[in-house]
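Listing of coords31.csv; format and content: CSV, C-alpha atoms.
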```csv
chain,number,residue,atom,x,y,z
S,1,MET,CA,34.9,86.0,70.7
S,2,SER,CA,34.3,82.4,69.4
S,3,ASP,CA,34.4,79.4,71.6
S,4,ALA,CA,37.2,78.0,69.6
S,5,LEU,CA,39.3,81.1,70.1
S,6,MET,CA,38.6,81.2,73.8
S,7,HIS,CA,39.5,77.6,74.1
S,8,THR,CA,42.8,78.1,72.2
S,9,ILE,CA,43.8,81.1,74.4
S,10,ARG,CA,43.1,79.1,77.6
S,11,GLN,CA,45.2,76.2,76.3
S,12,LEU,CA,48.0,78.4,75.3
S,13,TYR,CA,48.3,79.9,78.8
S,14,ALA,CA,47.9,76.4,80.4
S,15,ASP,CA,50.7,75.1,78.2
S,16,VAL,CA,53.2,78.0,78.9
S,17,SER,CA,55.1,76.5,81.8
S,18,SER,CA,55.6,73.1,80.1
S,19,CYS,CA,56.4,74.3,76.6
S,20,ALA,CA,59.8,72.7,75.9
S,21,ALA,CA,60.3,74.8,72.8
S,22,GLY,CA,60.8,77.8,75.0
S,23,GLY,CA,57.6,79.8,74.2
S,24,VAL,CA,54.2,79.7,72.8
S,25,ASN,CA,53.0,76.4,71.3
S,26,LEU,CA,53.2,76.9,67.6
S,27,ASP,CA,51.4,73.6,66.8
S,28,MET,CA,48.4,74.8,68.7
S,29,LEU,CA,48.4,78.0,66.6
S,30,ARG,CA,48.6,75.9,63.4
S,31,GLU,CA,45.6,73.8,64.4
S,32,PHE,CA,43.5,76.8,65.4
S,33,VAL,CA,44.1,78.8,62.3
S,34,GLY,CA,44.1,75.9,59.9
S,35,ALA,CA,47.6,76.5,58.5
S,36,GLU,CA,50.0,74.0,57.1
S,37,HIS,CA,52.7,75.3,59.4
S,38,VAL,CA,53.6,78.2,61.6
S,39,VAL,CA,57.0,79.8,62.0
S,40,MET,CA,58.2,82.3,64.6
S,41,THR,CA,61.1,84.7,63.7
S,42,ARG,CA,62.9,86.8,66.3
S,43,VAL,CA,65.5,89.5,65.9
S,44,ARG,CA,67.3,90.8,69.0
S,45,GLY,CA,69.8,93.5,67.9
S,46,ASP,CA,71.7,91.8,65.1
S,47,MET,CA,70.9,88.3,66.2
S,48,PRO,CA,68.0,86.6,64.3
S,49,ASP,CA,66.7,83.2,65.2
S,50,TRP,CA,63.6,81.2,64.4
S,51,ARG,CA,61.6,78.1,65.3
S,52,ALA,CA,58.8,76.3,63.6
S,53,CYS,CA,55.9,74.0,64.5
S,54,GLY,CA,56.3,70.3,64.3
S,55,HIS,CA,54.8,70.1,60.8
S,56,PHE,CA,57.5,72.2,59.3
S,57,GLY,CA,59.8,69.2,59.1
S,58,PRO,CA,63.6,68.9,59.2
S,59,VAL,CA,65.4,71.9,57.7
S,60,ASP,CA,68.7,73.6,57.9
S,61,GLY,CA,67.6,76.5,60.2
S,62,HIS,CA,70.4,78.9,59.3
S,63,VAL,CA,70.0,78.5,55.5
S,64,GLU,CA,66.2,78.7,55.6
S,65,LEU,CA,66.2,81.6,58.0
S,66,ALA,CA,68.6,83.6,55.7
S,67,GLN,CA,66.4,82.8,52.7
S,68,TRP,CA,63.2,83.7,54.5
S,69,MET,CA,64.7,87.0,55.7
S,70,THR,CA,65.8,87.8,52.1
S,71,LEU,CA,62.5,86.8,50.5
S,72,ALA,CA,60.5,89.3,52.6
S,73,ASP,CA,62.0,92.4,54.1
S,74,HIS,CA,60.8,91.5,57.6
S,75,GLU,CA,62.6,94.4,59.2
S,76,ALA,CA,60.8,96.9,57.0
S,77,LEU,CA,57.5,95.1,57.4
S,78,ALA,CA,57.9,95.0,61.2
S,79,SER,CA,58.7,98.6,61.4
S,80,ARG,CA,55.9,99.8,59.1
S,81,SER,CA,53.1,97.4,60.0
S,82,VAL,CA,50.7,98.0,63.0
S,83,PRO,CA,51.8,95.7,65.8
S,84,GLY,CA,49.5,92.8,66.2
S,85,ARG,CA,47.7,93.5,62.9
S,86,PRO,CA,48.3,90.6,60.4
S,87,LEU,CA,49.0,91.1,56.7
S,88,ARG,CA,49.0,88.7,53.8
S,89,THR,CA,52.3,88.0,51.9
S,90,SER,CA,50.1,88.0,48.8
S,91,ALA,CA,49.8,91.8,49.3
S,92,PHE,CA,53.5,92.3,48.6
S,93,LEU,CA,54.8,89.1,46.9
S,94,SER,CA,53.1,87.9,43.8
S,95,ALA,CA,52.6,84.1,43.2
S,96,SER,CA,55.1,84.2,40.4
S,97,GLN,CA,57.7,85.9,42.6
S,98,MET,CA,57.2,83.3,45.3
S,99,ARG,CA,57.4,80.4,42.8
S,100,ARG,CA,60.8,81.7,41.5
S,101,SER,CA,62.4,81.8,45.0
S,102,SER,CA,64.7,79.0,46.1
S,103,LEU,CA,63.1,79.0,49.5
S,104,TYR,CA,59.7,78.1,48.0
S,105,GLN,CA,61.1,75.5,45.6
S,106,ASP,CA,63.4,73.8,48.2
S,107,VAL,CA,61.4,74.2,51.4
S,108,LEU,CA,57.9,75.7,51.2
S,109,ARG,CA,56.5,73.8,48.2
S,110,PRO,CA,57.3,70.3,49.7
S,111,LEU,CA,55.7,71.5,53.0
S,112,ASN,CA,52.6,72.9,51.2
S,113,GLY,CA,53.6,76.5,51.9
S,114,GLY,CA,53.9,79.7,50.0
S,115,LEU,CA,51.0,81.8,51.2
S,116,ALA,CA,51.3,83.4,54.7
S,117,ALA,CA,49.6,85.7,57.1
S,118,LEU,CA,52.3,87.7,59.0
S,119,VAL,CA,51.9,89.5,62.3
S,120,TYR,CA,54.7,91.4,64.1
S,121,SER,CA,55.4,92.9,67.5
S,122,ARG,CA,58.2,95.1,68.6
S,123,ASN,CA,60.0,95.9,71.9
S,124,ALA,CA,63.1,97.8,73.0
S,125,THR,CA,65.5,95.1,71.8
S,126,GLY,CA,64.0,94.0,68.5
S,127,TRP,CA,61.0,92.4,66.9
S,128,THR,CA,59.1,89.1,66.7
S,129,GLY,CA,57.1,87.9,63.7
S,130,ILE,CA,54.8,84.9,63.4
S,131,SER,CA,54.1,83.5,59.9
S,132,TYR,CA,51.0,81.3,59.4
S,133,CYS,CA,51.6,79.5,56.2
S,134,ARG,CA,49.3,77.7,53.6
S,135,SER,CA,49.8,76.1,50.2
S,136,LEU,CA,50.4,78.4,47.3
S,137,ALA,CA,49.6,75.5,44.9
S,138,ARG,CA,46.1,75.2,46.4
S,139,GLY,CA,45.6,79.0,46.4
S,140,HIS,CA,43.7,79.1,49.7
S,141,ASP,CA,44.7,82.5,51.0
S,142,PHE,CA,43.7,83.8,54.5
S,143,ASP,CA,40.3,85.6,54.5
S,144,ASN,CA,39.3,88.5,56.7
S,145,GLU,CA,37.7,86.4,59.4
S,146,GLU,CA,40.8,84.4,59.8
S,147,LEU,CA,43.0,87.5,60.0
S,148,ALA,CA,40.7,88.8,62.7
S,149,ALA,CA,41.2,85.6,64.7
S,150,ILE,CA,45.0,85.9,64.2
S,151,GLN,CA,44.8,89.5,65.4
S,152,ALA,CA,42.9,88.5,68.5
S,153,LEU,CA,45.6,85.9,69.4
S,154,ALA,CA,48.5,88.4,69.0
S,155,PRO,CA,48.5,90.1,72.4
S,156,HIS,CA,48.2,86.8,74.2
S,157,ILE,CA,51.1,85.4,72.3
S,158,ASP,CA,53.2,88.4,73.3
S,159,ASN,CA,52.2,87.9,76.9
S,160,ILE,CA,53.0,84.2,76.8
S,161,GLU,CA,56.4,84.8,75.3
S,162,ALA,CA,57.2,87.4,78.0
S,163,VAL,CA,56.1,85.0,80.8
S,164,GLN,CA,58.1,82.1,79.2
S,165,ALA,CA,61.2,84.3,79.1
S,166,ARG,CA,60.8,85.2,82.8
S,167,LEU,CA,60.3,81.5,83.7
S,168,GLN,CA,63.4,80.5,81.8
S,169,GLN,CA,65.4,83.2,83.5
S,170,ALA,CA,64.1,82.0,86.9
S,171,GLN,CA,65.0,78.5,86.0
S,172,VAL,CA,68.6,79.6,85.1
S,173,GLN,CA,68.9,81.3,88.5
S,174,ALA,CA,67.5,78.3,90.3
S,175,ASP,CA,69.9,76.0,88.5
S,176,ALA,CA,72.8,78.2,89.5
S,177,ALA,CA,71.6,78.1,93.1
S,178,HIS,CA,71.3,74.3,92.9
S,179,ASP,CA,74.8,74.1,91.4
S,180,MET,CA,76.1,75.9,94.5
S,181,LEU,CA,74.2,73.6,96.8
S,182,HIS,CA,75.8,70.6,95.0
S,183,LEU,CA,79.2,71.9,96.2
S,184,ALA,CA,78.2,71.7,99.8
S,185,THR,CA,79.5,68.8,101.9
S,186,GLN,CA,76.3,69.1,104.0
S,187,ALA,CA,73.5,66.8,102.8
S,188,ILE,CA,70.6,69.1,101.7
S,189,ILE,CA,67.1,68.2,100.6
S,190,LEU,CA,64.7,70.9,99.3
S,191,LEU,CA,60.9,70.4,99.6
S,192,ASP,CA,58.1,72.3,97.9
S,193,ALA,CA,55.0,73.8,99.5
S,194,GLY,CA,53.4,70.3,99.7
S,195,ALA,CA,56.5,69.0,101.5
S,196,ARG,CA,57.5,67.0,98.4
S,197,PRO,CA,61.2,66.7,97.4
S,198,VAL,CA,62.2,68.9,94.5
S,199,PHE,CA,66.0,68.8,94.9
S,200,LEU,CA,68.7,66.7,96.6
S,201,ASN,CA,72.3,67.8,96.4
S,202,ARG,CA,75.0,65.2,95.7
S,203,SER,CA,75.8,64.8,99.4
S,204,ALA,CA,72.2,63.9,100.2
S,205,GLU,CA,72.0,61.5,97.3
S,206,ARG,CA,75.1,59.7,98.5
S,207,LEU,CA,74.0,59.7,102.2
S,208,LEU,CA,70.5,58.3,101.5
S,209,ALA,CA,71.8,55.7,99.0
S,210,ALA,CA,74.4,54.4,101.5
S,211,ALA,CA,72.3,54.4,104.6
S,212,GLY,CA,68.5,54.7,104.3
S,213,ASP,CA,68.0,53.2,107.7
S,214,GLY,CA,66.8,56.3,109.5
S,215,LEU,CA,65.0,58.2,106.8
S,216,ARG,CA,62.8,57.3,103.9
S,217,LEU,CA,62.5,59.7,100.9
S,218,ASP,CA,60.0,59.2,98.1
S,219,ALA,CA,57.9,61.4,95.8
S,220,ARG,CA,55.5,62.3,98.6
S,221,GLY,CA,58.1,63.5,101.1
S,222,ILE,CA,60.6,62.6,103.7
S,223,ARG,CA,59.8,60.3,106.7
S,224,ALA,CA,61.7,59.3,109.8
S,225,ARG,CA,62.0,55.6,110.7
S,226,THR,CA,60.3,55.8,114.1
S,227,ALA,CA,56.9,57.3,114.8
S,228,PRO,CA,58.1,59.8,117.5
S,229,ASP,CA,60.9,61.0,115.3
S,230,ASP,CA,58.6,61.3,112.3
S,231,ARG,CA,56.0,63.3,114.2
S,232,ARG,CA,58.7,65.8,115.2
S,233,LEU,CA,60.1,65.9,111.7
S,234,GLN,CA,56.7,66.6,110.1
S,235,HIS,CA,56.0,69.3,112.7
S,236,ALA,CA,59.3,70.9,111.9
S,237,ILE,CA,58.6,70.9,108.2
S,238,ARG,CA,55.1,72.4,108.7
S,239,THR,CA,56.7,75.1,110.9
S,240,ALA,CA,59.4,75.9,108.3
S,241,LEU,CA,56.6,76.2,105.7
S,242,ARG,CA,54.9,78.8,107.9
S,243,LEU,CA,58.2,80.6,108.3
S,244,SER,CA,58.7,80.7,104.6
S,245,PRO,CA,58.4,84.2,102.9
S,246,GLU,CA,55.7,82.7,100.6
S,247,SER,CA,53.5,81.7,103.6
S,248,ARG,CA,51.0,83.8,105.5
S,249,GLY,CA,50.1,81.0,107.9
S,250,PRO,CA,49.9,81.7,111.7
S,251,LEU,CA,53.0,80.9,113.8
S,252,GLN,CA,53.1,80.3,117.5
S,253,ARG,CA,56.1,81.2,119.7
S,254,GLU,CA,56.5,77.6,120.8
S,255,ASP,CA,56.9,76.5,117.1
S,256,LEU,CA,60.2,78.3,116.8
S,257,GLY,CA,62.1,75.9,119.0
S,258,SER,CA,60.7,72.8,117.2
S,259,ALA,CA,61.9,74.3,113.9
S,260,LEU,CA,65.5,73.9,115.1
S,261,PRO,CA,67.7,70.8,114.8
S,262,LEU,CA,66.1,67.5,115.7
S,263,THR,CA,67.4,63.9,116.2
S,264,VAL,CA,66.5,61.0,113.9
S,265,HIS,CA,67.5,57.7,115.5
S,266,ARG,CA,68.9,54.7,113.7
S,267,PRO,CA,69.4,51.1,114.8
S,268,PRO,CA,72.3,50.7,117.2
S,269,PRO,CA,75.3,50.9,117.0
S,270,ARG,CA,74.8,53.7,114.5
S,271,ARG,CA,74.6,57.2,115.9
S,272,PRO,CA,71.5,59.3,115.2
S,273,TRP,CA,71.3,61.8,112.4
S,274,ILE,CA,70.8,65.4,113.3
S,275,LEU,CA,68.4,67.4,111.0
S,276,SER,CA,67.9,71.1,110.7
S,277,VAL,CA,64.7,72.1,109.0
S,278,VAL,CA,64.5,75.7,107.8
S,279,PRO,CA,62.8,77.8,105.1
S,280,ALA,CA,64.7,77.4,101.8
S,281,SER,CA,65.2,81.1,101.7
S,282,CYS,CA,67.7,80.7,104.6
S,283,LEU,CA,70.0,78.9,102.1
S,284,SER,CA,69.3,80.8,98.9
S,285,ALA,CA,66.4,83.0,97.7
S,286,ARG,CA,67.2,81.8,94.2
S,287,ALA,CA,66.6,78.2,95.2
S,288,MET,CA,63.0,79.1,96.0
S,289,GLN,CA,62.5,80.0,92.3
S,290,GLY,CA,62.7,76.2,91.6
S,291,GLY,CA,59.7,75.7,93.8
S,292,ALA,CA,61.6,75.0,97.0
S,293,GLN,CA,60.0,76.2,100.3
S,294,VAL,CA,61.8,74.1,102.9
S,295,ALA,CA,65.4,73.0,103.3
S,296,VAL,CA,66.3,69.8,105.3
S,297,LEU,CA,70.0,69.7,106.3
S,298,ILE,CA,71.2,66.3,107.4
S,299,HIS,CA,74.3,65.9,109.6
S,300,ASN,CA,75.6,62.3,109.8
S,301,PRO,CA,77.8,61.8,112.8
S,302,ASP,CA,79.1,58.5,111.4
S,303,ASP,CA,80.7,60.4,108.6
S,304,ALA,CA,81.7,63.6,110.3
S,305,GLY,CA,83.7,62.2,113.2
S,306,LEU,CA,83.7,63.6,116.8
S,307,ILE,CA,83.1,67.2,117.7
S,308,SER,CA,86.3,68.5,119.3
S,309,ALA,CA,85.8,69.3,123.0
S,310,SER,CA,89.1,71.3,123.1
S,311,ARG,CA,87.9,73.5,120.3
S,312,LEU,CA,84.6,74.1,122.2
S,313,MET,CA,86.6,75.1,125.3
S,314,ASP,CA,88.7,77.5,123.3
S,315,ALA,CA,85.8,79.1,121.4
S,316,TYR,CA,83.3,79.5,124.2
S,317,GLY,CA,85.3,79.3,127.4
S,318,LEU,CA,83.6,76.1,128.4
S,319,THR,CA,85.1,73.9,131.2
S,320,ARG,CA,86.3,70.5,130.1
S,321,ARG,CA,83.1,68.8,131.5
S,322,GLU,CA,80.9,71.3,129.8
S,323,ALA,CA,82.7,70.9,126.5
S,324,GLN,CA,82.5,67.1,126.8
S,325,LEU,CA,78.7,67.3,127.5
S,326,SER,CA,78.2,69.7,124.6
S,327,ALA,CA,80.2,67.4,122.2
S,328,LEU,CA,78.0,64.4,123.0
S,329,LEU,CA,74.8,66.5,122.6
S,330,GLY,CA,76.1,67.7,119.2
S,331,GLN,CA,76.6,64.1,118.1
S,332,GLY,CA,73.0,63.2,118.7
S,333,GLU,CA,72.9,62.0,122.3
S,334,ASP,CA,70.0,63.2,124.5
S,335,LEU,CA,70.8,64.8,127.8
S,336,ALA,CA,70.2,61.6,129.9
S,337,ALA,CA,72.4,59.4,127.7
S,338,ALA,CA,75.2,62.0,127.6
S,339,ALA,CA,75.1,62.4,131.4
S,340,ALA,CA,75.3,58.6,131.8
S,341,ARG,CA,78.3,58.4,129.5
S,342,LEU,CA,80.1,61.1,131.6
S,343,ALA,CA,79.0,59.6,134.9
S,344,LEU,CA,77.0,62.7,135.8
S,345,SER,CA,73.8,62.9,137.7
S,346,ALA,CA,70.8,64.3,135.9
S,347,GLY,CA,70.8,67.4,138.1
S,348,THR,CA,74.5,68.1,137.5
S,349,ALA,CA,74.0,67.7,133.8
S,350,ARG,CA,71.2,70.2,133.8
S,351,GLN,CA,73.3,72.7,135.7
S,352,TYR,CA,76.1,72.2,133.2
S,353,LEU,CA,73.6,72.7,130.3
S,354,LYS,CA,72.5,76.0,131.8
S,355,GLN,CA,76.1,77.2,131.9
S,356,ILE,CA,76.7,76.0,128.4
S,357,PHE,CA,73.6,77.9,127.1
S,358,ARG,CA,74.8,81.1,128.8
S,359,LYS,CA,78.4,80.9,127.4
S,360,VAL,CA,77.3,79.8,123.8
S,361,GLY,CA,74.5,82.4,123.7
S,362,VAL,CA,71.5,80.1,123.1
S,363,GLN,CA,68.4,79.3,125.0
S,364,ARG,CA,67.5,75.8,123.9
S,365,GLN,CA,69.2,72.5,123.4
S,366,ALA,CA,68.2,72.4,119.8
S,367,GLU,CA,69.8,75.8,119.2
S,368,LEU,CA,73.0,74.5,120.8
S,369,VAL,CA,73.1,71.4,118.6
S,370,ARG,CA,72.6,73.6,115.5
S,371,VAL,CA,75.5,75.8,116.5
S,372,LEU,CA,77.7,72.8,117.2
S,373,ILE,CA,76.9,71.1,113.9
S,374,GLY,CA,77.5,74.3,111.9
S,375,SER,CA,80.7,75.3,113.6
S,376,PHE,CA,82.5,72.2,114.7
S,377,PRO,CA,81.6,69.3,112.4
S,378,ARG,CA,84.9,67.4,112.8
S,379,ALA,CA,87.5,66.7,115.4
```
How would this structure read if it were set down as structure tokens?
Amino acid sequence: MSDALMHTIRQLYADVSSCAAGGVNLDMLREFVGAEHVVMTRVRGDMPDWRACGHFGPVDGHVELAQWMTLADHEALASRSVPGRPLRTSAFLSASQMRRSSLYQDVLRPLNGGLAALVYSRNATGWTGISYCRSLARGHDFDNEELAAIQALAPHIDNIEAVQARLQQAQVQADAAHDMLHLATQAIILLDAGARPVFLNRSAERLLAAAGDGLRLDARGIRARTAPDDRRLQHAIRTALRLSPESRGPLQREDLGSALPLTVHRPPPRRPWILSVVPASCLSARAMQGGAQVAVLIHNPDDAGLISASRLMDAYGLTRREAQLSALLGQGEDLAAAAARLALSAGTARQYLKQIFRKVGVQRQAELVRVLIGSFPRA
């Protein structure tokens, strides 16, 4: 295999994920083979479509496709030819036949076309053909060595088209998952495996644009305003990454508690934000197809109002004092501050907290906050 062929194959695979045209890079094929232009034709059932390299120029796709399908019986050629083995149009269309066609006169001649090497592949739903085109006027047909190079490319082109189709389907699914996240009133930020943001829902965009005094978000990641809060946040993100289905990293039992909701303080008199940092798969497996590994959910007490103590009493059988303490904890207060606001001693507050844990069915304060945020966001 020549160095030029190996280089082209490597470049085609490297280009697959970024090819905006939705498949193999036809301009790269044109340059490698030394063609004037390259056209790909697909037929899925009764639905034909085509696309061309950048050198093909502006054309009326539907008209030219109909003419091209009429000029050469591609259906018959695709069914009778050996998949992946190229053939020359000069073998079944004479130069005079080509020159008399309206496609040649209107489109191919101005584009220096008229001679082509065709290669087909078939699957359960239809067939795909690639046409490498050269100038009929110059009479430089494809030789055997060039046909051999085109044949060597054929299986890689089929693979790339299949990979691109799967990538496009995955993107459609990820977009659908993101559309659902946009509907959520909860502010949600998705991070990739490098803890870089890959998605903000509309609630998160509004929240960060309006506030921005407790959290900082840029292309590198999300940061808390104060150093202690930021250390806890970054640890929670790392833990969530290790909890992700894509990860095989070690996880310690003590990490589980730190992955639960945490407080991010803001300058007084604004109340803290409460963050839940979890694997993105907890929200949507499809969201992970967009590269997301971690979800950061932000609860802003300034917008959400007070948690209803009476609703906590009714839901979990808490006493009034226990419900009041729970409501303050859910709004971002630490235990000492909440106890001071209720005129409770530290020891009494800890006893209340133990009873709250038992009644709510949690074991840690962070777990309690998560339940409160999720279940009772408003008064």
In terms of the shortest atom-to-atom distance over only C-alpha atoms, which of S:Leu262, S:Leu312, S:Thr41, S:Leu342 is closest to S:Arg364?
S:Leu262
For a test of reading the model, state the distance in Å between atom CA of S:Gly23 and atom CA of S:Gln164, rounded to one decimal.
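One can read the atom CA of S:Gly23 to atom CA of S:Gln164 distance as 5.5 Å.
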If I take atom CA of S:Tyr352 and atom CA of S:Met313, how far is one from the other in Å, to one decimal?
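Calculated distance between atom CA of S:Tyr352 and atom CA of S:Met313 is 13.5 Å.
What separates atom CA of S:His299 from atom CA of S:Gly347 is a distance of 28.8 Å.
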Nearest candidate to S:Ala219 (options S:Ile9, S:Val198, S:Ala152, S:Leu181; using all atoms listed in the file)
S:Val198
